[in-house]
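**Q** Data file my_file-v8.cif (mmCIF, C-alpha atoms) is appended below.
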```cif
data_target
loop_
_atom_site.label_atom_id
_atom_site.label_comp_id
_atom_site.auth_asym_id
_atom_site.auth_seq_id
_atom_site.Cartn_x
_atom_site.Cartn_y
_atom_site.Cartn_z
CA MET A 808 23.88 7.30 48.17
CA GLY A 809 24.51 8.38 44.58
CA LEU A 810 24.26 5.90 41.76
CA LEU A 811 27.96 6.25 41.09
CA ALA A 812 29.38 6.28 44.56
CA ARG A 813 33.11 6.79 44.76
CA TYR A 814 33.93 3.08 44.98
CA ARG A 815 31.67 2.32 41.98
CA ARG A 816 33.11 4.91 39.59
CA PRO A 817 35.95 2.74 38.28
CA TRP A 818 33.40 0.08 37.35
CA GLY A 819 31.37 2.70 35.54
CA LEU A 820 34.42 3.54 33.45
CA VAL A 821 34.94 -0.15 32.71
CA LEU A 822 31.32 -0.44 31.58
CA LEU A 823 31.61 2.59 29.31
CA ALA A 824 34.82 1.23 27.82
CA ALA A 825 33.17 -2.13 27.15
CA LEU A 826 30.25 -0.43 25.42
CA ALA A 827 32.54 1.78 23.36
CA ALA A 828 34.91 -1.05 22.33
CA PRO A 829 32.76 -2.45 19.48
CA ALA A 830 32.29 1.01 17.97
CA ALA A 831 36.01 1.72 18.22
CA ILE A 832 36.90 -1.61 16.64
CA GLN A 833 34.37 -1.08 13.84
CA MET A 834 35.96 2.29 12.99
CA MET A 835 39.34 0.59 12.53
CA GLN A 836 38.03 -2.27 10.35
CA PRO A 837 37.20 -2.08 6.64
CA ALA A 838 33.55 -2.49 5.73
CA GLU A 839 32.68 -6.08 4.84
CA LEU A 840 30.34 -6.98 1.99
CA ALA A 841 29.77 -10.63 2.87
CA SER A 842 29.87 -12.95 5.86
CA GLU A 843 31.69 -16.14 4.96
CA GLY A 844 30.77 -17.67 8.29
CA GLU A 845 27.04 -17.15 7.64
CA ALA A 846 27.26 -17.78 3.88
CA ARG A 847 25.37 -14.58 3.00
CA MET A 848 25.78 -11.03 1.76
CA LEU A 849 25.70 -8.29 4.39
CA SER A 850 23.34 -5.35 4.15
CA ARG A 851 24.74 -2.27 2.43
CA ALA A 852 24.48 1.26 3.79
CA PRO A 853 21.19 2.80 2.60
CA GLU A 854 21.33 5.63 0.11
CA TRP A 855 19.99 9.08 0.92
CA PRO A 856 16.19 8.95 0.50
CA ARG A 857 14.74 10.76 -2.51
CA SER A 858 11.07 9.90 -2.13
CA VAL A 859 8.42 9.42 0.55
CA GLN A 860 8.58 5.64 0.11
CA GLN A 861 12.36 5.68 0.58
CA TRP A 862 12.01 7.79 3.73
CA LEU A 863 9.48 5.30 5.11
CA ALA A 864 11.83 2.40 4.30
CA LEU A 865 14.87 4.14 5.79
CA PRO A 866 14.46 2.98 9.44
CA ARG A 867 14.27 -0.69 8.45
CA ALA A 868 17.23 -0.31 6.05
CA LEU A 869 19.30 1.38 8.75
CA ASP A 870 18.39 -1.32 11.23
CA ARG A 871 19.55 -4.04 8.83
CA PHE A 872 22.78 -2.18 8.07
CA LEU A 873 23.64 -1.50 11.72
CA GLY A 874 22.78 -5.09 12.62
CA ASP A 875 25.32 -6.31 10.05
CA HIS A 876 28.10 -3.82 10.78
CA PHE A 877 29.46 -3.41 14.30
CA GLY A 878 32.69 -4.28 16.01
CA LEU A 879 33.28 -7.90 17.05
CA ARG A 880 30.18 -8.92 15.11
CA ALA A 881 31.81 -12.02 13.56
CA GLU A 882 32.98 -13.21 16.97
CA LEU A 883 29.59 -12.62 18.59
CA VAL A 884 27.70 -14.31 15.74
CA ARG A 885 30.03 -17.29 15.97
CA ALA A 886 29.56 -17.56 19.73
CA HIS A 887 25.78 -17.23 19.38
CA GLY A 888 25.66 -19.93 16.70
CA ARG A 889 27.87 -22.27 18.69
CA LEU A 890 25.74 -21.86 21.81
CA ARG A 891 22.49 -22.57 19.97
CA TYR A 892 24.05 -25.52 18.12
CA ALA A 893 25.10 -27.00 21.48
CA VAL A 894 21.48 -27.04 22.68
CA ASP A 895 19.96 -28.15 19.33
CA LEU A 896 18.37 -24.78 18.59
CA PRO A 897 19.47 -23.73 15.07
CA SER A 898 20.17 -20.05 14.62
CA ASP A 899 18.89 -20.29 11.02
CA LEU A 900 15.45 -21.80 10.35
CA ARG A 901 16.72 -23.14 7.02
CA VAL A 902 18.55 -25.82 9.00
CA ILE A 903 17.19 -28.64 11.16
CA ILE A 904 19.39 -30.26 13.79
CA GLY A 905 18.63 -33.97 13.85
CA ARG A 906 19.78 -36.88 15.93
CA ASP A 907 23.51 -37.14 16.68
CA ASN A 908 23.82 -33.51 15.53
CA TRP A 909 23.17 -34.34 11.88
CA LEU A 910 22.15 -31.23 9.95
CA PHE A 911 19.42 -31.15 7.32
CA LEU A 912 18.27 -28.50 4.89
CA ASN A 913 14.81 -27.17 5.76
CA GLY A 914 13.84 -25.59 2.47
CA ASP A 915 12.53 -26.36 -1.04
CA GLY A 916 10.26 -28.99 0.50
CA THR A 917 13.16 -31.33 1.29
CA ILE A 918 11.78 -32.58 4.59
CA GLU A 919 8.26 -32.88 3.20
CA GLN A 920 9.61 -34.91 0.27
CA SER A 921 11.54 -37.29 2.51
CA THR A 922 8.62 -37.82 4.89
CA GLY A 923 5.99 -38.28 2.18
CA LYS A 924 4.01 -35.22 3.26
CA MET A 925 4.21 -33.68 -0.22
CA LEU A 926 3.07 -35.44 -3.40
CA ARG A 927 3.00 -33.08 -6.39
CA GLU A 928 1.81 -35.53 -9.01
CA ARG A 929 1.14 -32.91 -11.69
CA ASP A 930 4.68 -31.53 -11.42
CA ILE A 931 6.07 -35.05 -11.53
CA ALA A 932 4.18 -35.76 -14.76
CA THR A 933 5.43 -32.49 -16.26
CA PHE A 934 9.07 -33.33 -15.56
CA ALA A 935 8.63 -36.89 -16.83
CA ASP A 936 7.16 -35.53 -20.06
CA LYS A 937 10.15 -33.21 -20.46
CA ALA A 938 12.53 -36.10 -19.87
CA ALA A 939 10.70 -38.21 -22.45
CA ALA A 940 10.95 -35.37 -24.98
CA LEU A 941 14.66 -35.05 -24.29
CA ARG A 942 15.11 -38.81 -24.69
CA ALA A 943 13.42 -38.67 -28.10
CA HIS A 944 15.52 -35.68 -29.14
CA LEU A 945 18.75 -37.46 -28.20
CA ALA A 946 17.69 -40.79 -29.67
CA ALA A 947 17.20 -39.11 -33.06
CA ARG A 948 20.88 -38.16 -32.84
CA GLY A 949 22.08 -41.57 -31.72
CA ALA A 950 22.53 -40.54 -28.08
CA GLN A 951 21.31 -42.10 -24.84
CA LEU A 952 19.63 -40.45 -21.85
CA VAL A 953 19.76 -41.59 -18.23
CA VAL A 954 17.89 -39.70 -15.51
CA ALA A 955 19.62 -39.90 -12.12
CA ILE A 956 18.20 -37.83 -9.26
CA PRO A 957 20.54 -37.34 -6.28
CA PRO A 958 18.39 -37.88 -3.16
CA ASN A 959 18.09 -35.34 -0.38
CA GLY A 960 20.26 -35.98 2.65
CA SER A 961 17.06 -36.40 4.66
CA THR A 962 15.95 -39.15 2.27
CA ILE A 963 19.07 -41.28 2.81
CA ASN A 964 19.51 -40.39 6.49
CA ARG A 965 15.84 -40.10 7.47
CA THR A 966 16.44 -42.18 10.63
CA ARG A 967 18.58 -39.27 11.84
CA LEU A 968 15.75 -36.77 11.43
CA PRO A 969 14.11 -35.56 14.66
CA ALA A 970 11.50 -37.85 16.18
CA TRP A 971 8.66 -35.68 14.87
CA ALA A 972 9.49 -36.80 11.31
CA GLY A 973 7.67 -40.07 12.04
CA PRO A 974 8.07 -43.48 10.43
CA ALA A 975 9.05 -44.08 6.81
CA PRO A 976 6.20 -43.16 4.45
CA SER A 977 4.52 -45.69 2.17
CA VAL A 978 5.10 -43.53 -0.90
CA THR A 979 7.18 -40.44 -1.71
CA GLU A 980 7.58 -38.11 -4.65
CA TYR A 981 10.76 -39.97 -5.56
CA ASP A 982 8.71 -43.18 -5.85
CA LEU A 983 6.17 -41.47 -8.08
CA MET A 984 8.93 -39.96 -10.23
CA MET A 985 10.55 -43.34 -10.85
CA ARG A 986 7.17 -44.76 -11.88
CA ALA A 987 6.37 -41.83 -14.17
CA LEU A 988 9.73 -42.10 -15.94
CA ALA A 989 9.35 -45.87 -16.36
CA ASP A 990 5.85 -45.41 -17.81
CA ARG A 991 7.32 -43.13 -20.48
CA GLY A 992 10.20 -45.43 -21.34
CA VAL A 993 12.84 -43.16 -19.85
CA THR A 994 15.86 -44.95 -18.39
CA ALA A 995 16.31 -43.86 -14.77
CA ALA A 996 18.63 -44.92 -11.96
CA ASP A 997 17.01 -45.05 -8.53
CA LEU A 998 19.98 -43.77 -6.54
CA ARG A 999 18.26 -44.32 -3.19
CA VAL A 1000 18.83 -48.08 -3.27
CA PRO A 1001 22.64 -48.22 -3.63
CA LEU A 1002 23.16 -45.12 -1.49
CA SER A 1003 21.09 -46.51 1.37
CA ALA A 1004 22.95 -49.82 1.16
CA ALA A 1005 26.34 -48.09 1.23
CA ASN A 1006 25.22 -45.72 3.98
CA ALA A 1007 24.42 -48.68 6.23
CA THR A 1008 28.15 -49.42 6.62
CA SER A 1009 29.93 -46.14 5.77
CA PRO A 1010 28.55 -42.60 5.60
CA ALA A 1011 27.53 -41.66 2.06
CA TYR A 1012 26.52 -38.09 2.95
CA ARG A 1013 28.22 -35.31 4.91
CA ARG A 1014 26.93 -34.75 8.45
CA THR A 1015 26.98 -30.93 8.21
CA ASP A 1016 26.41 -30.47 4.49
CA THR A 1017 23.59 -30.68 1.98
CA HIS A 1018 25.55 -33.01 -0.28
CA TRP A 1019 26.83 -36.54 -0.44
CA ASN A 1020 30.51 -37.18 0.20
CA ARG A 1021 32.99 -38.57 -2.34
CA LEU A 1022 32.00 -42.15 -1.53
CA GLY A 1023 28.31 -41.38 -2.02
CA ALA A 1024 29.15 -39.70 -5.33
CA LEU A 1025 31.06 -42.83 -6.41
CA VAL A 1026 28.20 -45.13 -5.44
CA ALA A 1027 25.78 -42.96 -7.43
CA TYR A 1028 28.16 -42.88 -10.41
CA ASN A 1029 28.31 -46.69 -10.45
CA ALA A 1030 24.50 -46.85 -10.44
CA VAL A 1031 24.39 -44.49 -13.43
CA ALA A 1032 27.01 -46.55 -15.29
CA ARG A 1033 24.96 -49.72 -14.76
CA ALA A 1034 21.73 -47.99 -15.83
CA ALA A 1035 23.49 -46.88 -19.02
CA GLY A 1036 24.53 -50.49 -19.71
CA LYS A 1037 28.20 -49.74 -19.16
CA ASN A 1038 29.08 -52.26 -16.47
CA GLU A 1039 32.73 -52.10 -17.51
CA TRP A 1040 32.76 -48.48 -16.28
CA VAL A 1041 31.95 -49.46 -12.69
CA ILE A 1042 34.67 -48.47 -10.21
CA ASP A 1043 35.14 -50.88 -7.32
CA PRO A 1044 34.95 -48.84 -4.07
CA ALA A 1045 37.15 -51.43 -2.33
CA ARG A 1046 40.00 -50.58 -4.73
CA VAL A 1047 39.82 -46.80 -4.36
CA LEU A 1048 38.48 -45.97 -0.88
CA ARG A 1049 41.35 -45.02 1.44
CA GLY A 1050 39.26 -44.20 4.49
CA PHE A 1051 37.84 -40.91 5.71
CA GLU A 1052 39.48 -37.61 6.56
CA THR A 1053 38.38 -34.83 8.91
CA VAL A 1054 37.18 -31.68 7.15
CA GLU A 1055 35.64 -28.38 8.21
CA GLY A 1056 31.89 -28.09 8.64
CA GLY A 1057 29.87 -27.89 5.42
CA ASP A 1058 27.34 -25.52 3.91
CA LEU A 1059 24.66 -26.19 6.53
CA ALA A 1060 27.16 -25.52 9.30
CA ARG A 1061 28.00 -22.23 7.58
CA LEU A 1062 24.34 -21.23 7.68
CA LEU A 1063 24.51 -21.73 11.46
CA ALA A 1064 27.84 -19.84 11.65
CA VAL A 1065 29.56 -22.87 13.23
CA ALA A 1066 31.56 -24.22 10.26
CA ALA A 1067 34.85 -23.33 11.93
CA ASP A 1068 33.82 -24.95 15.21
CA VAL A 1069 32.45 -28.31 14.07
CA ARG A 1070 34.11 -31.09 12.16
CA ASP A 1071 32.85 -33.38 9.43
CA GLU A 1072 34.23 -36.33 7.47
CA ASP A 1073 34.74 -36.92 3.77
CA ALA A 1074 35.90 -40.02 1.94
CA VAL A 1075 39.43 -40.23 0.55
CA ILE A 1076 39.27 -41.67 -2.98
CA ASP A 1077 42.41 -42.72 -4.89
CA LEU A 1078 41.76 -43.64 -8.53
CA GLY A 1079 45.39 -44.56 -9.19
CA ALA A 1080 44.43 -48.20 -9.74
CA TYR A 1081 42.43 -47.09 -12.80
CA GLY A 1082 45.15 -45.10 -14.53
CA PRO A 1083 46.66 -41.62 -14.45
CA ALA A 1084 44.68 -38.68 -13.17
CA PRO A 1085 42.71 -36.79 -15.83
CA PRO A 1086 43.57 -33.19 -16.69
CA PRO A 1087 41.73 -30.45 -14.80
CA ALA A 1088 38.44 -29.15 -16.13
CA THR A 1089 38.36 -26.03 -18.27
CA ALA A 1090 35.55 -23.50 -18.47
CA LEU A 1091 32.75 -24.19 -20.93
CA ALA A 1092 30.37 -21.55 -22.27
CA THR A 1093 26.74 -22.60 -21.82
CA GLN A 1094 24.90 -19.31 -22.53
CA PHE A 1095 24.39 -18.95 -18.77
CA GLU A 1096 26.51 -17.10 -16.23
CA SER A 1097 27.21 -20.26 -14.23
CA GLY A 1098 29.00 -21.81 -17.20
CA GLY A 1099 30.10 -25.41 -17.38
CA ASP A 1100 33.12 -27.70 -17.25
CA LEU A 1101 34.96 -29.60 -19.97
CA VAL A 1102 37.49 -32.38 -19.41
CA GLU A 1103 39.41 -33.63 -22.45
CA THR A 1104 40.82 -36.95 -21.25
CA GLY A 1105 42.59 -38.03 -24.42
CA ARG A 1106 41.02 -41.47 -24.08
CA ASN A 1107 39.34 -43.30 -26.91
CA GLY A 1108 35.92 -43.08 -25.35
CA PRO A 1109 32.54 -41.41 -25.87
CA THR A 1110 31.51 -37.90 -24.94
CA VAL A 1111 29.51 -37.83 -21.72
CA MET A 1112 27.44 -34.84 -20.67
CA VAL A 1113 25.99 -34.39 -17.18
CA ILE A 1114 23.21 -31.82 -16.82
CA GLY A 1115 23.09 -31.36 -13.07
CA ASP A 1116 23.78 -29.08 -10.13
CA SER A 1117 26.04 -28.88 -7.09
CA PHE A 1118 25.54 -32.58 -6.35
CA THR A 1119 27.39 -33.53 -9.52
CA ARG A 1120 29.69 -30.62 -10.36
CA GLY A 1121 33.19 -31.65 -9.38
CA PHE A 1122 31.98 -34.92 -7.87
CA TRP A 1123 31.61 -37.06 -10.99
CA GLN A 1124 34.18 -35.72 -13.44
CA ASP A 1125 37.11 -37.88 -12.28
CA TYR A 1126 34.95 -41.01 -12.24
CA PHE A 1127 33.60 -40.54 -15.76
CA ALA A 1128 37.02 -39.44 -16.99
CA VAL A 1129 38.34 -42.96 -16.35
CA HIS A 1130 36.54 -44.13 -19.50
CA ALA A 1131 35.08 -41.13 -21.36
CA GLY A 1132 36.97 -39.31 -24.07
CA ARG A 1133 35.30 -36.03 -23.17
CA TYR A 1134 33.34 -35.16 -20.04
CA ILE A 1135 31.04 -32.15 -20.00
CA TRP A 1136 29.09 -30.72 -17.08
CA MET A 1137 26.48 -28.00 -17.32
CA HIS A 1138 23.78 -26.75 -14.96
CA HIS A 1139 20.19 -27.78 -15.60
CA GLU A 1140 19.12 -24.18 -14.99
CA LEU A 1141 15.77 -25.51 -13.71
CA CYS A 1142 15.36 -27.29 -17.06
CA GLY A 1143 16.08 -24.04 -18.85
CA PHE A 1144 19.35 -25.36 -20.26
CA ARG A 1145 19.83 -24.84 -23.99
CA LEU A 1146 19.42 -27.87 -26.23
CA SER A 1147 21.66 -26.08 -28.72
CA VAL A 1148 24.56 -26.44 -26.25
CA VAL A 1149 23.85 -30.16 -25.93
CA ASP A 1150 23.69 -30.61 -29.72
CA GLU A 1151 26.84 -28.57 -30.24
CA HIS A 1152 28.93 -31.07 -28.26
CA ALA A 1153 27.17 -34.16 -29.65
CA PRO A 1154 27.39 -36.36 -26.54
CA GLN A 1155 26.76 -40.09 -26.84
CA LEU A 1156 25.53 -40.29 -23.23
CA VAL A 1157 23.57 -37.59 -21.39
CA ILE A 1158 22.76 -37.81 -17.68
CA LEU A 1159 19.99 -35.50 -16.49
CA ALA A 1160 20.63 -35.19 -12.76
CA PRO A 1161 18.70 -32.50 -10.87
CA ALA A 1162 18.77 -33.03 -7.10
CA GLU A 1163 15.61 -34.41 -5.53
CA ARG A 1164 14.58 -31.01 -4.17
CA GLN A 1165 14.91 -29.49 -7.66
CA MET A 1166 13.76 -32.43 -9.74
CA PHE A 1167 10.69 -30.61 -11.04
CA CYS A 1168 12.82 -28.06 -12.90
CA ALA A 1169 10.19 -25.46 -12.13
CA GLY A 1170 11.79 -22.73 -14.21
CA GLY A 1171 12.20 -24.62 -17.49
#
```
As structure tokens, how would this structure be written, given the file I've shared?
**A**
Amino acid sequence: MGLLARYRRPWGLVLLAALAAPAAIQMMQPAELASEGEARMLSRAPEWPRSVQQWLALPRALDRFLGDHFGLRAELVRAHGRLRYAVDLPSDLRVIIGRDNWLFLNGDGTIEQSTGKMLRERDIATFADKAAALRAHLAARGAQLVVAIPPNGSTINRTRLPAWAGPAPSVTEYDLMMRALADRGVTAADLRVPLSAANATSPAYRRTDTHWNRLGALVAYNAVARAAGKNEWVIDPARVLRGFETVEGGDLARLLAVAADVRDEDAVIDLGAYGPAPPPATALATQFESGGDLVETGRNGPTVMVIGDSFTRGFWQDYFAVHAGRYIWMHHELCGFRLSVVDEHAPQLVILAPAERQMFCAGG
């Protein structure tokens, strides 16, 4: 009996059509440069080789390009990510799936920091020395410095890490950093304490995102205000928290290509009890491509500058704008930020706020 007996031939045609469908669909779709669902750039078509090395690299380049460009790819990647997420097997090794499907970043030593398996004392001393130098620089100009390090999600939600993470460590890099800053006379807010307390009753971090939610950002802001000696700036969460709303999956869910299929929660904050909403931020030149933000509130208050990253950009500006006359945000650029930009705006209060996983400012 032939392989394609008469009664099997229609099924052979169906199989050929199924195999040809992705190629046909790809021909009708425009080439994509990025995958929003995976939060990454797609491989470009390789150029025609002009050297022996380029010829040798061509097969791998073609493989990457073809793997990123075929019909129904987005749908298949989404289905693959959803299936692996359902059985707690992340499709991207940069993400760990913890208990209750909490997602954690697995990069930049975040897990090792939270579990006490990494203690880089020399780097801690280097950052503390830099902070002390910045404090002296600002003090000579009548300004104040507060260091506030947003903790990793795995630090605040370490009980939701997988069982292999083990019990809470006796000492962590965050502990050593707080001690080093105190030894040098640098004012620092230990954000772990208020965030952990708040997180015990309401989530302070997103379940599928690297960052805190709006409530966690508010709790951290209040800790910074207290550390700066501005207790009158504290915003009562009971007066502004309006509950939680359902939102799409966050940046970690995007790495797993399941952001559209999972749901997260974020706090709803209404600052109406503290006055009218501030104007939107305008772009600020900082000598770096990322730029910064400037909010002119019109209030009779000091100029506040936050030197931070994605944990603070957009999260703190409305809170500080309740009392500050001007609010400025710029990226720490791994401690490569320009002091000339700081001096140009003459802030009275500067908050240096690199996230825990970037607190060493390795590039500055």
**Q** Pick the closest to Glu980 in chain A from A:Thr1008, A:Ser921, A:Thr1093, A:Ser1147: which is it, counting only C-alpha atoms?
**A**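 Answer, going by the shortest atom-to-atom distance: A:Ser921.
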**Q** Report, in Å to a single decimal, how far apart CA of Asp1100 in chain A and CA of Asn1020 in chain A are.
**A**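 Distance reported for this atom pair: 20.0 Å.
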**Q** Have a look at A:Ile1135, A:Ala1162, A:Leu1091, A:Ala852 and name the one nearest to Asn959 in chain A; count all atoms listed in the file.
**A**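 Among A:Ile1135, A:Ala1162, A:Leu1091, A:Ala852, it is A:Ala1162 that comes nearest to Asn959 in chain A.
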**Q** Suppose a student applies the PyMOL selection byres ((chain A and resi 1123) around 10) to this structure; what residues should they get, written as a list in words?
**A**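 Checked against the file, the PyMOL selection byres ((chain A and resi 1123) around 10) matches Arg1021, Ala1024, Leu1025, Ala1027, Tyr1028, Val1113, Phe1118, Thr1119, Arg1120, Gly1121, Phe1122, Gln1124, Asp1125, Tyr1126, Phe1127, Ala1128, Tyr1134 and Trp1136 of chain A.
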**Q** Wanna dump the range 949-1014 of chain A-range 1055-1071 of chain A contacts at 12 Å for me, each residue with its shortest atom pair and the distance in Å to one decimal, counting only C-alpha atoms, ordered by chain and number, as CSV?
**A**
```
residue,atom,partner,partner_atom,distance
A:Gly960,CA,A:Leu1059,CA,11.4
A:Pro1010,CA,A:Asp1071,CA,10.9
A:Tyr1012,CA,A:Asp1071,CA,10.2
A:Arg1013,CA,A:Asp1071,CA,6.8
A:Arg1014,CA,A:Asp1071,CA,6.2
```
**Q** Of the candidates A:Val1047, A:Ala1005, A:Val1026, A:Leu968, which shows the shortest atom-to-atom distance to Asn913 in chain A, using all atoms listed in the file?
**A**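 Using all atoms listed in the file, the shortest distance to Asn913 in chain A belongs to A:Leu968.
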**Q** Just checking: using all atoms listed in the file, which residue out of A:Arg999, A:Arg991, A:Arg986, A:Arg967 ends up closest to Gly1023 in chain A?
**A**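 Result for the nearest residue to Gly1023 in chain A: A:Arg999.
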**Q** For the structure shown, which residues end up in the PyMOL selection byres ((chain A and resi 1129) around 12)? Put them as a VMD selection string, please?
**A** chain A and resid 1028 1032 1039 to 1042 1078 to 1086 1102 to 1109 1111 1123 to 1128 1130 to 1134
**Q** For Val954 in chain A, find every residue with an atom within 9 Å (counting all atoms listed in the file), except residues of its own chain fewer than 4 positions away, and show them as number ranges by chain.
**A** A: 938, 988, 993-997, 1031, 1157-1161
**Q** What does the PyMOL selection byres ((chain A and resi 975) around 9) select in this file, as a PyMOL selection string?
**A** chain A and resi 921-923+965-966+972-974+976-978
**Q** With C-alpha atoms retained, could you export that selection as a PDB file, keeping the file's coordinate frame?
**A**
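See result_0.pdb below for the written result:
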```
ATOM      1  CA  SER A 921      11.540 -37.290   2.510  1.00  0.00           C
ATOM      2  CA  THR A 922       8.620 -37.820   4.890  1.00  0.00           C
ATOM      3  CA  GLY A 923       5.990 -38.280   2.180  1.00  0.00           C
ATOM      4  CA  ARG A 965      15.840 -40.100   7.470  1.00  0.00           C
ATOM      5  CA  THR A 966      16.440 -42.180  10.630  1.00  0.00           C
ATOM      6  CA  ALA A 972       9.490 -36.800  11.310  1.00  0.00           C
ATOM      7  CA  GLY A 973       7.670 -40.070  12.040  1.00  0.00           C
ATOM      8  CA  PRO A 974       8.070 -43.480  10.430  1.00  0.00           C
ATOM      9  CA  PRO A 976       6.200 -43.160   4.450  1.00  0.00           C
ATOM     10  CA  SER A 977       4.520 -45.690   2.170  1.00  0.00           C
ATOM     11  CA  VAL A 978       5.100 -43.530  -0.900  1.00  0.00           C
TER      12      VAL A 978
END
```
